[in-house]
$ cat protein30.pdb   # PDB, N, CA and C atoms, pLDDT in the B column
MODEL        1
ATOM      1  N   MET A   1     -43.929  30.491 -10.344  1.00 56.00           N
ATOM      2  CA  MET A   1     -44.446  29.860  -9.149  1.00 56.00           C
ATOM      3  C   MET A   1     -43.720  28.543  -8.903  1.00 56.00           C
ATOM      4  N   SER A   2     -43.567  28.197  -7.661  1.00 56.00           N
ATOM      5  CA  SER A   2     -42.914  26.931  -7.341  1.00 56.00           C
ATOM      6  C   SER A   2     -43.937  25.803  -7.349  1.00 56.00           C
ATOM      7  N   ALA A   3     -43.432  24.589  -7.502  1.00 57.00           N
ATOM      8  CA  ALA A   3     -44.315  23.423  -7.514  1.00 57.00           C
ATOM      9  C   ALA A   3     -44.873  23.189  -6.116  1.00 57.00           C
ATOM     10  N   PRO A   4     -46.094  22.701  -6.026  1.00 56.00           N
ATOM     11  CA  PRO A   4     -46.680  22.423  -4.705  1.00 56.00           C
ATOM     12  C   PRO A   4     -45.865  21.358  -3.978  1.00 56.00           C
ATOM     13  N   ALA A   5     -45.788  21.485  -2.680  1.00 56.00           N
ATOM     14  CA  ALA A   5     -45.039  20.516  -1.889  1.00 56.00           C
ATOM     15  C   ALA A   5     -45.743  19.165  -1.926  1.00 56.00           C
ATOM     16  N   GLU A   6     -44.947  18.116  -2.086  1.00 56.00           N
ATOM     17  CA  GLU A   6     -45.517  16.775  -2.091  1.00 56.00           C
ATOM     18  C   GLU A   6     -45.770  16.318  -0.675  1.00 56.00           C
ATOM     19  N   ARG A   7     -46.872  15.622  -0.495  1.00 48.00           N
ATOM     20  CA  ARG A   7     -47.143  15.031   0.810  1.00 48.00           C
ATOM     21  C   ARG A   7     -46.295  13.783   0.953  1.00 48.00           C
ATOM     22  N   PRO A   8     -45.702  13.584   2.121  1.00 53.00           N
ATOM     23  CA  PRO A   8     -44.914  12.365   2.289  1.00 53.00           C
ATOM     24  C   PRO A   8     -45.817  11.144   2.228  1.00 53.00           C
ATOM     25  N   SER A   9     -45.302  10.055   1.655  1.00 56.00           N
ATOM     26  CA  SER A   9     -46.105   8.848   1.569  1.00 56.00           C
ATOM     27  C   SER A   9     -46.184   8.176   2.934  1.00 56.00           C
ATOM     28  N   ALA A  10     -47.201   7.374   3.115  1.00 55.00           N
ATOM     29  CA  ALA A  10     -47.374   6.658   4.387  1.00 55.00           C
ATOM     30  C   ALA A  10     -46.225   5.674   4.556  1.00 55.00           C
ATOM     31  N   PRO A  11     -45.789   5.449   5.781  1.00 57.00           N
ATOM     32  CA  PRO A  11     -44.717   4.493   5.995  1.00 57.00           C
ATOM     33  C   PRO A  11     -45.139   3.095   5.564  1.00 57.00           C
ATOM     34  N   ARG A  12     -44.221   2.345   5.051  1.00 80.00           N
ATOM     35  CA  ARG A  12     -44.500   0.992   4.602  1.00 80.00           C
ATOM     36  C   ARG A  12     -44.575   0.066   5.804  1.00 80.00           C
ATOM     37  N   ALA A  13     -45.484  -0.904   5.773  1.00 84.00           N
ATOM     38  CA  ALA A  13     -45.692  -1.804   6.902  1.00 84.00           C
ATOM     39  C   ALA A  13     -44.989  -3.141   6.732  1.00 84.00           C
ATOM     40  N   GLY A  14     -44.251  -3.320   5.642  1.00 93.00           N
ATOM     41  CA  GLY A  14     -43.555  -4.581   5.434  1.00 93.00           C
ATOM     42  C   GLY A  14     -44.537  -5.712   5.172  1.00 93.00           C
ATOM     43  N   LEU A  15     -44.315  -6.845   5.829  1.00 95.00           N
ATOM     44  CA  LEU A  15     -45.171  -8.010   5.629  1.00 95.00           C
ATOM     45  C   LEU A  15     -46.624  -7.732   5.991  1.00 95.00           C
ATOM     46  N   CYS A  16     -46.852  -6.867   6.944  1.00 94.00           N
ATOM     47  CA  CYS A  16     -48.222  -6.585   7.387  1.00 94.00           C
ATOM     48  C   CYS A  16     -49.111  -6.092   6.251  1.00 94.00           C
ATOM     49  N   GLU A  17     -48.528  -5.427   5.278  1.00 92.00           N
ATOM     50  CA  GLU A  17     -49.326  -4.883   4.170  1.00 92.00           C
ATOM     51  C   GLU A  17     -50.068  -5.961   3.400  1.00 92.00           C
ATOM     52  N   THR A  18     -49.533  -7.176   3.381  1.00 94.00           N
ATOM     53  CA  THR A  18     -50.164  -8.247   2.617  1.00 94.00           C
ATOM     54  C   THR A  18     -50.614  -9.401   3.498  1.00 94.00           C
ATOM     55  N   CYS A  19     -50.602  -9.228   4.810  1.00 96.00           N
ATOM     56  CA  CYS A  19     -50.988 -10.294   5.738  1.00 96.00           C
ATOM     57  C   CYS A  19     -52.495 -10.274   5.999  1.00 96.00           C
ATOM     58  N   ARG A  20     -53.090 -11.446   6.055  1.00 96.00           N
ATOM     59  CA  ARG A  20     -54.537 -11.528   6.286  1.00 96.00           C
ATOM     60  C   ARG A  20     -54.919 -11.177   7.717  1.00 96.00           C
ATOM     61  N   HIS A  21     -53.956 -11.103   8.624  1.00 96.00           N
ATOM     62  CA  HIS A  21     -54.239 -10.786  10.022  1.00 96.00           C
ATOM     63  C   HIS A  21     -54.119  -9.293  10.325  1.00 96.00           C
ATOM     64  N   GLN A  22     -53.707  -8.492   9.356  1.00 96.00           N
ATOM     65  CA  GLN A  22     -53.510  -7.057   9.567  1.00 96.00           C
ATOM     66  C   GLN A  22     -54.796  -6.293   9.299  1.00 96.00           C
ATOM     67  N   ARG A  23     -55.038  -5.290  10.148  1.00 95.00           N
ATOM     68  CA  ARG A  23     -56.171  -4.376   9.937  1.00 95.00           C
ATOM     69  C   ARG A  23     -55.678  -2.974  10.235  1.00 95.00           C
ATOM     70  N   GLU A  24     -55.964  -2.042   9.345  1.00 93.00           N
ATOM     71  CA  GLU A  24     -55.584  -0.652   9.586  1.00 93.00           C
ATOM     72  C   GLU A  24     -56.638   0.001  10.465  1.00 93.00           C
ATOM     73  N   VAL A  25     -56.178   0.698  11.496  1.00 94.00           N
ATOM     74  CA  VAL A  25     -57.063   1.380  12.428  1.00 94.00           C
ATOM     75  C   VAL A  25     -56.736   2.859  12.369  1.00 94.00           C
ATOM     76  N   ARG A  26     -57.749   3.682  12.158  1.00 94.00           N
ATOM     77  CA  ARG A  26     -57.558   5.134  12.116  1.00 94.00           C
ATOM     78  C   ARG A  26     -58.215   5.761  13.333  1.00 94.00           C
ATOM     79  N   ASN A  27     -57.529   6.747  13.907  1.00 94.00           N
ATOM     80  CA  ASN A  27     -58.144   7.441  15.042  1.00 94.00           C
ATOM     81  C   ASN A  27     -58.793   8.734  14.566  1.00 94.00           C
ATOM     82  N   THR A  28     -59.432   9.440  15.458  1.00 95.00           N
ATOM     83  CA  THR A  28     -60.166  10.646  15.087  1.00 95.00           C
ATOM     84  C   THR A  28     -59.257  11.788  14.669  1.00 95.00           C
ATOM     85  N   ARG A  29     -57.959  11.682  14.975  1.00 95.00           N
ATOM     86  CA  ARG A  29     -57.024  12.740  14.597  1.00 95.00           C
ATOM     87  C   ARG A  29     -56.293  12.449  13.286  1.00 95.00           C
ATOM     88  N   GLY A  30     -56.688  11.363  12.612  1.00 92.00           N
ATOM     89  CA  GLY A  30     -56.134  11.065  11.304  1.00 92.00           C
ATOM     90  C   GLY A  30     -54.943  10.131  11.281  1.00 92.00           C
ATOM     91  N   SER A  31     -54.475   9.682  12.445  1.00 93.00           N
ATOM     92  CA  SER A  31     -53.349   8.738  12.473  1.00 93.00           C
ATOM     93  C   SER A  31     -53.835   7.349  12.073  1.00 93.00           C
ATOM     94  N   CYS A  32     -52.943   6.582  11.466  1.00 91.00           N
ATOM     95  CA  CYS A  32     -53.271   5.241  11.019  1.00 91.00           C
ATOM     96  C   CYS A  32     -52.306   4.258  11.679  1.00 91.00           C
ATOM     97  N   PHE A  33     -52.847   3.174  12.223  1.00 92.00           N
ATOM     98  CA  PHE A  33     -52.050   2.167  12.910  1.00 92.00           C
ATOM     99  C   PHE A  33     -52.325   0.803  12.302  1.00 92.00           C
ATOM    100  N   SER A  34     -51.324  -0.079  12.343  1.00 93.00           N
ATOM    101  CA  SER A  34     -51.451  -1.422  11.820  1.00 93.00           C
ATOM    102  C   SER A  34     -51.710  -2.372  12.986  1.00 93.00           C
ATOM    103  N   LEU A  35     -52.923  -2.910  13.073  1.00 96.00           N
ATOM    104  CA  LEU A  35     -53.321  -3.815  14.148  1.00 96.00           C
ATOM    105  C   LEU A  35     -53.144  -5.252  13.702  1.00 96.00           C
ATOM    106  N   CYS A  36     -52.473  -6.055  14.528  1.00 97.00           N
ATOM    107  CA  CYS A  36     -52.314  -7.482  14.244  1.00 97.00           C
ATOM    108  C   CYS A  36     -53.448  -8.228  14.945  1.00 97.00           C
ATOM    109  N   GLU A  37     -54.366  -8.791  14.175  1.00 97.00           N
ATOM    110  CA  GLU A  37     -55.508  -9.511  14.732  1.00 97.00           C
ATOM    111  C   GLU A  37     -55.078 -10.796  15.446  1.00 97.00           C
ATOM    112  N   ARG A  38     -53.899 -11.332  15.128  1.00 97.00           N
ATOM    113  CA  ARG A  38     -53.397 -12.527  15.820  1.00 97.00           C
ATOM    114  C   ARG A  38     -53.180 -12.255  17.298  1.00 97.00           C
ATOM    115  N   SER A  39     -52.917 -11.007  17.652  1.00 97.00           N
ATOM    116  CA  SER A  39     -52.635 -10.656  19.048  1.00 97.00           C
ATOM    117  C   SER A  39     -53.842 -10.903  19.951  1.00 97.00           C
ATOM    118  N   ARG A  40     -55.027 -10.995  19.391  1.00 96.00           N
ATOM    119  CA  ARG A  40     -56.238 -11.246  20.193  1.00 96.00           C
ATOM    120  C   ARG A  40     -56.234 -12.630  20.820  1.00 96.00           C
ATOM    121  N   GLU A  41     -55.636 -13.603  20.129  1.00 95.00           N
ATOM    122  CA  GLU A  41     -55.640 -14.980  20.607  1.00 95.00           C
ATOM    123  C   GLU A  41     -54.272 -15.484  21.046  1.00 95.00           C
ATOM    124  N   ASP A  42     -53.211 -14.826  20.607  1.00 96.00           N
ATOM    125  CA  ASP A  42     -51.859 -15.282  20.934  1.00 96.00           C
ATOM    126  C   ASP A  42     -51.033 -14.106  21.445  1.00 96.00           C
ATOM    127  N   PRO A  43     -50.683 -14.117  22.732  1.00 95.00           N
ATOM    128  CA  PRO A  43     -49.940 -12.994  23.321  1.00 95.00           C
ATOM    129  C   PRO A  43     -48.513 -12.842  22.781  1.00 95.00           C
ATOM    130  N   ASP A  44     -48.031 -13.822  22.002  1.00 95.00           N
ATOM    131  CA  ASP A  44     -46.692 -13.714  21.413  1.00 95.00           C
ATOM    132  C   ASP A  44     -46.640 -12.686  20.282  1.00 95.00           C
ATOM    133  N   TYR A  45     -47.805 -12.288  19.786  1.00 97.00           N
ATOM    134  CA  TYR A  45     -47.860 -11.307  18.702  1.00 97.00           C
ATOM    135  C   TYR A  45     -48.240  -9.948  19.279  1.00 97.00           C
ATOM    136  N   PRO A  46     -47.453  -8.914  18.940  1.00 96.00           N
ATOM    137  CA  PRO A  46     -47.784  -7.572  19.448  1.00 96.00           C
ATOM    138  C   PRO A  46     -49.047  -7.040  18.791  1.00 96.00           C
ATOM    139  N   ARG A  47     -49.834  -6.328  19.564  1.00 97.00           N
ATOM    140  CA  ARG A  47     -51.078  -5.751  19.048  1.00 97.00           C
ATOM    141  C   ARG A  47     -50.783  -4.770  17.913  1.00 97.00           C
ATOM    142  N   TYR A  48     -49.858  -3.878  18.151  1.00 96.00           N
ATOM    143  CA  TYR A  48     -49.441  -2.896  17.145  1.00 96.00           C
ATOM    144  C   TYR A  48     -47.937  -3.075  16.932  1.00 96.00           C
ATOM    145  N   PRO A  49     -47.538  -3.925  15.979  1.00 96.00           N
ATOM    146  CA  PRO A  49     -46.110  -4.217  15.795  1.00 96.00           C
ATOM    147  C   PRO A  49     -45.329  -3.007  15.293  1.00 96.00           C
ATOM    148  N   ARG A  50     -44.065  -2.969  15.659  1.00 94.00           N
ATOM    149  CA  ARG A  50     -43.165  -1.930  15.169  1.00 94.00           C
ATOM    150  C   ARG A  50     -42.944  -2.165  13.671  1.00 94.00           C
ATOM    151  N   LEU A  51     -43.159  -1.143  12.891  1.00 92.00           N
ATOM    152  CA  LEU A  51     -43.069  -1.255  11.434  1.00 92.00           C
ATOM    153  C   LEU A  51     -41.742  -0.735  10.916  1.00 92.00           C
ATOM    154  N   PRO A  52     -41.254  -1.258   9.826  1.00 94.00           N
ATOM    155  CA  PRO A  52     -41.813  -2.323   9.006  1.00 94.00           C
ATOM    156  C   PRO A  52     -41.502  -3.697   9.594  1.00 94.00           C
ATOM    157  N   VAL A  53     -42.443  -4.617   9.461  1.00 95.00           N
ATOM    158  CA  VAL A  53     -42.243  -5.989   9.900  1.00 95.00           C
ATOM    159  C   VAL A  53     -41.572  -6.725   8.743  1.00 95.00           C
ATOM    160  N   LEU A  54     -40.375  -7.249   8.994  1.00 95.00           N
ATOM    161  CA  LEU A  54     -39.611  -7.917   7.940  1.00 95.00           C
ATOM    162  C   LEU A  54     -39.704  -9.440   8.010  1.00 95.00           C
ATOM    163  N   GLU A  55     -40.021  -9.968   9.192  1.00 95.00           N
ATOM    164  CA  GLU A  55     -40.249 -11.403   9.317  1.00 95.00           C
ATOM    165  C   GLU A  55     -41.261 -11.647  10.424  1.00 95.00           C
ATOM    166  N   CYS A  56     -42.103 -12.664  10.219  1.00 96.00           N
ATOM    167  CA  CYS A  56     -43.150 -12.972  11.196  1.00 96.00           C
ATOM    168  C   CYS A  56     -43.556 -14.431  11.021  1.00 96.00           C
ATOM    169  N   ALA A  57     -43.495 -15.199  12.111  1.00 96.00           N
ATOM    170  CA  ALA A  57     -43.857 -16.617  12.062  1.00 96.00           C
ATOM    171  C   ALA A  57     -45.344 -16.813  11.766  1.00 96.00           C
ATOM    172  N   GLY A  58     -46.170 -15.830  12.071  1.00 95.00           N
ATOM    173  CA  GLY A  58     -47.611 -15.954  11.867  1.00 95.00           C
ATOM    174  C   GLY A  58     -48.122 -15.373  10.567  1.00 95.00           C
ATOM    175  N   TYR A  59     -47.218 -14.954   9.695  1.00 96.00           N
ATOM    176  CA  TYR A  59     -47.625 -14.327   8.432  1.00 96.00           C
ATOM    177  C   TYR A  59     -48.411 -15.297   7.558  1.00 96.00           C
ATOM    178  N   GLU A  60     -49.550 -14.847   7.056  1.00 96.00           N
ATOM    179  CA  GLU A  60     -50.341 -15.578   6.067  1.00 96.00           C
ATOM    180  C   GLU A  60     -50.786 -14.570   5.027  1.00 96.00           C
ATOM    181  N   GLN A  61     -50.457 -14.832   3.771  1.00 95.00           N
ATOM    182  CA  GLN A  61     -50.777 -13.872   2.718  1.00 95.00           C
ATOM    183  C   GLN A  61     -52.278 -13.723   2.543  1.00 95.00           C
ATOM    184  N   ARG A  62     -52.713 -12.472   2.415  1.00 93.00           N
ATOM    185  CA  ARG A  62     -54.108 -12.117   2.176  1.00 93.00           C
ATOM    186  C   ARG A  62     -54.461 -12.504   0.746  1.00 93.00           C
ATOM    187  N   ALA A  63     -55.672 -12.988   0.526  1.00 91.00           N
ATOM    188  CA  ALA A  63     -56.109 -13.395  -0.809  1.00 91.00           C
ATOM    189  C   ALA A  63     -56.086 -12.206  -1.766  1.00 91.00           C
ATOM    190  N   SER A  64     -56.819 -11.161  -1.463  1.00 75.00           N
ATOM    191  CA  SER A  64     -56.815  -9.931  -2.254  1.00 75.00           C
ATOM    192  C   SER A  64     -57.453  -8.855  -1.413  1.00 75.00           C
ATOM    193  N   ARG A  65     -57.220  -7.613  -1.801  1.00 55.00           N
ATOM    194  CA  ARG A  65     -57.763  -6.510  -1.015  1.00 55.00           C
ATOM    195  C   ARG A  65     -58.050  -5.335  -1.920  1.00 55.00           C
ATOM    196  N   SER A  66     -59.236  -4.795  -1.784  1.00 55.00           N
ATOM    197  CA  SER A  66     -59.583  -3.596  -2.538  1.00 55.00           C
ATOM    198  C   SER A  66     -59.317  -2.393  -1.668  1.00 55.00           C
ATOM    199  N   PRO A  67     -59.167  -1.186  -2.241  1.00 54.00           N
ATOM    200  CA  PRO A  67     -58.917   0.013  -1.437  1.00 54.00           C
ATOM    201  C   PRO A  67     -59.983   0.270  -0.378  1.00 54.00           C
ATOM    202  N   ALA A  68     -61.209  -0.186  -0.588  1.00 51.00           N
ATOM    203  CA  ALA A  68     -62.270   0.033   0.389  1.00 51.00           C
ATOM    204  C   ALA A  68     -62.080  -0.827   1.632  1.00 51.00           C
ATOM    205  N   ASP A  69     -61.275  -1.887   1.550  1.00 51.00           N
ATOM    206  CA  ASP A  69     -61.070  -2.791   2.676  1.00 51.00           C
ATOM    207  C   ASP A  69     -60.172  -2.214   3.758  1.00 51.00           C
ATOM    208  N   THR A  70     -59.612  -1.020   3.581  1.00 52.00           N
ATOM    209  CA  THR A  70     -58.705  -0.453   4.568  1.00 52.00           C
ATOM    210  C   THR A  70     -59.440   0.187   5.737  1.00 52.00           C
ATOM    211  N   SER A  71     -60.757   0.296   5.644  1.00 51.00           N
ATOM    212  CA  SER A  71     -61.516   0.870   6.759  1.00 51.00           C
ATOM    213  C   SER A  71     -61.613  -0.152   7.875  1.00 51.00           C
ATOM    214  N   SER A  72     -61.961   0.312   9.060  1.00 49.00           N
ATOM    215  CA  SER A  72     -62.033  -0.597  10.201  1.00 49.00           C
ATOM    216  C   SER A  72     -63.160  -1.607  10.018  1.00 49.00           C
ATOM    217  N   ALA A  73     -62.904  -2.826  10.428  1.00 50.00           N
ATOM    218  CA  ALA A  73     -63.883  -3.895  10.319  1.00 50.00           C
ATOM    219  C   ALA A  73     -64.595  -4.083  11.649  1.00 50.00           C
ATOM    220  N   PRO A  74     -65.759  -4.742  11.642  1.00 47.00           N
ATOM    221  CA  PRO A  74     -66.495  -4.938  12.902  1.00 47.00           C
ATOM    222  C   PRO A  74     -65.755  -5.795  13.887  1.00 47.00           C
TER     223      PRO A  74
ENDMDL
END
$ encode --input "protein30.pdb" --output "C-alpha cells"
Amino acid sequence: MSAPAERPSAPRAGLCETCRHQREVRNTRGSCFSLCERSREDPDYPRYPRLPVLECAGYEQRASRSPADTSSAP
C-alpha cells in the first residue's frame, strides 16, 4: 500500500503570525484569512494583507498565544 497523501500546510503569514493586531477569520467554507485589526482605525493598513507580510510599520509582537486563541474574537 502507498503512504497516505500529506495535506499541504497552511501558508505562512510572515510577521502577521506573531503580531498582536492579527486575527484569523474563518468562513463557513473552511477558508482562513488573516485580518489586520489596525485597519479598523488606520486606512493605511489593509484589512486583509497580502501574505506573507515581510515588513510592516505597525507590527507589534504578541505577548503569547495558545492554539485556542486562533478562533474569532468578539
$ resolve_selection --input "protein30.pdb" --expression "the PyMOL selection byres (((chain A and resi 35 and name CA) around 8) and name CA)" --output "PDB file with N, CA and C atoms, in the coordinates of the input"
ATOM      1  N   GLN A  22     -53.707  -8.492   9.356  1.00 96.00           N
ATOM      2  CA  GLN A  22     -53.510  -7.057   9.567  1.00 96.00           C
ATOM      3  C   GLN A  22     -54.796  -6.293   9.299  1.00 96.00           C
ATOM      4  N   ARG A  23     -55.038  -5.290  10.148  1.00 95.00           N
ATOM      5  CA  ARG A  23     -56.171  -4.376   9.937  1.00 95.00           C
ATOM      6  C   ARG A  23     -55.678  -2.974  10.235  1.00 95.00           C
ATOM      7  N   GLU A  24     -55.964  -2.042   9.345  1.00 93.00           N
ATOM      8  CA  GLU A  24     -55.584  -0.652   9.586  1.00 93.00           C
ATOM      9  C   GLU A  24     -56.638   0.001  10.465  1.00 93.00           C
ATOM     10  N   VAL A  25     -56.178   0.698  11.496  1.00 94.00           N
ATOM     11  CA  VAL A  25     -57.063   1.380  12.428  1.00 94.00           C
ATOM     12  C   VAL A  25     -56.736   2.859  12.369  1.00 94.00           C
ATOM     13  N   PHE A  33     -52.847   3.174  12.223  1.00 92.00           N
ATOM     14  CA  PHE A  33     -52.050   2.167  12.910  1.00 92.00           C
ATOM     15  C   PHE A  33     -52.325   0.803  12.302  1.00 92.00           C
ATOM     16  N   SER A  34     -51.324  -0.079  12.343  1.00 93.00           N
ATOM     17  CA  SER A  34     -51.451  -1.422  11.820  1.00 93.00           C
ATOM     18  C   SER A  34     -51.710  -2.372  12.986  1.00 93.00           C
ATOM     19  N   CYS A  36     -52.473  -6.055  14.528  1.00 97.00           N
ATOM     20  CA  CYS A  36     -52.314  -7.482  14.244  1.00 97.00           C
ATOM     21  C   CYS A  36     -53.448  -8.228  14.945  1.00 97.00           C
ATOM     22  N   GLU A  37     -54.366  -8.791  14.175  1.00 97.00           N
ATOM     23  CA  GLU A  37     -55.508  -9.511  14.732  1.00 97.00           C
ATOM     24  C   GLU A  37     -55.078 -10.796  15.446  1.00 97.00           C
ATOM     25  N   ARG A  47     -49.834  -6.328  19.564  1.00 97.00           N
ATOM     26  CA  ARG A  47     -51.078  -5.751  19.048  1.00 97.00           C
ATOM     27  C   ARG A  47     -50.783  -4.770  17.913  1.00 97.00           C
ATOM     28  N   TYR A  48     -49.858  -3.878  18.151  1.00 96.00           N
ATOM     29  CA  TYR A  48     -49.441  -2.896  17.145  1.00 96.00           C
ATOM     30  C   TYR A  48     -47.937  -3.075  16.932  1.00 96.00           C
ATOM     31  N   PRO A  49     -47.538  -3.925  15.979  1.00 96.00           N
ATOM     32  CA  PRO A  49     -46.110  -4.217  15.795  1.00 96.00           C
ATOM     33  C   PRO A  49     -45.329  -3.007  15.293  1.00 96.00           C
TER      34      PRO A  49
END
$ atom_distance --input "protein30.pdb" --atom1 "atom CA of Thr18 of chain A" --atom2 "atom CA of Ser64 of chain A"
8.4 Å
$ resolve_selection --input "protein30.pdb" --expression "the PyMOL selection byres (((chain A and resi 53-55 and name CA) around 12) and name CA)" --output "ChimeraX atom specification"
/A:11-19,22,34,36,45-46,48-52,56-60
$ atom_distance --input "protein30.pdb" --atom1 "atom N of Ser31 of chain A" --atom2 "atom C of Asp44 of chain A"
25.0 Å
$ select_by_dssp --input "protein30.pdb" --residues "segment 13-73 of chain A" --states "strand (DSSP E)" --output "JSON, numbers by chain"
{"A": [22, 23, 24, 25, 26, 32, 33, 34, 35, 36]}
$ atom_distance --input "protein30.pdb" --atom1 "atom CA of Glu41 of chain A" --atom2 "atom C of Arg29 of chain A"
28.4 Å
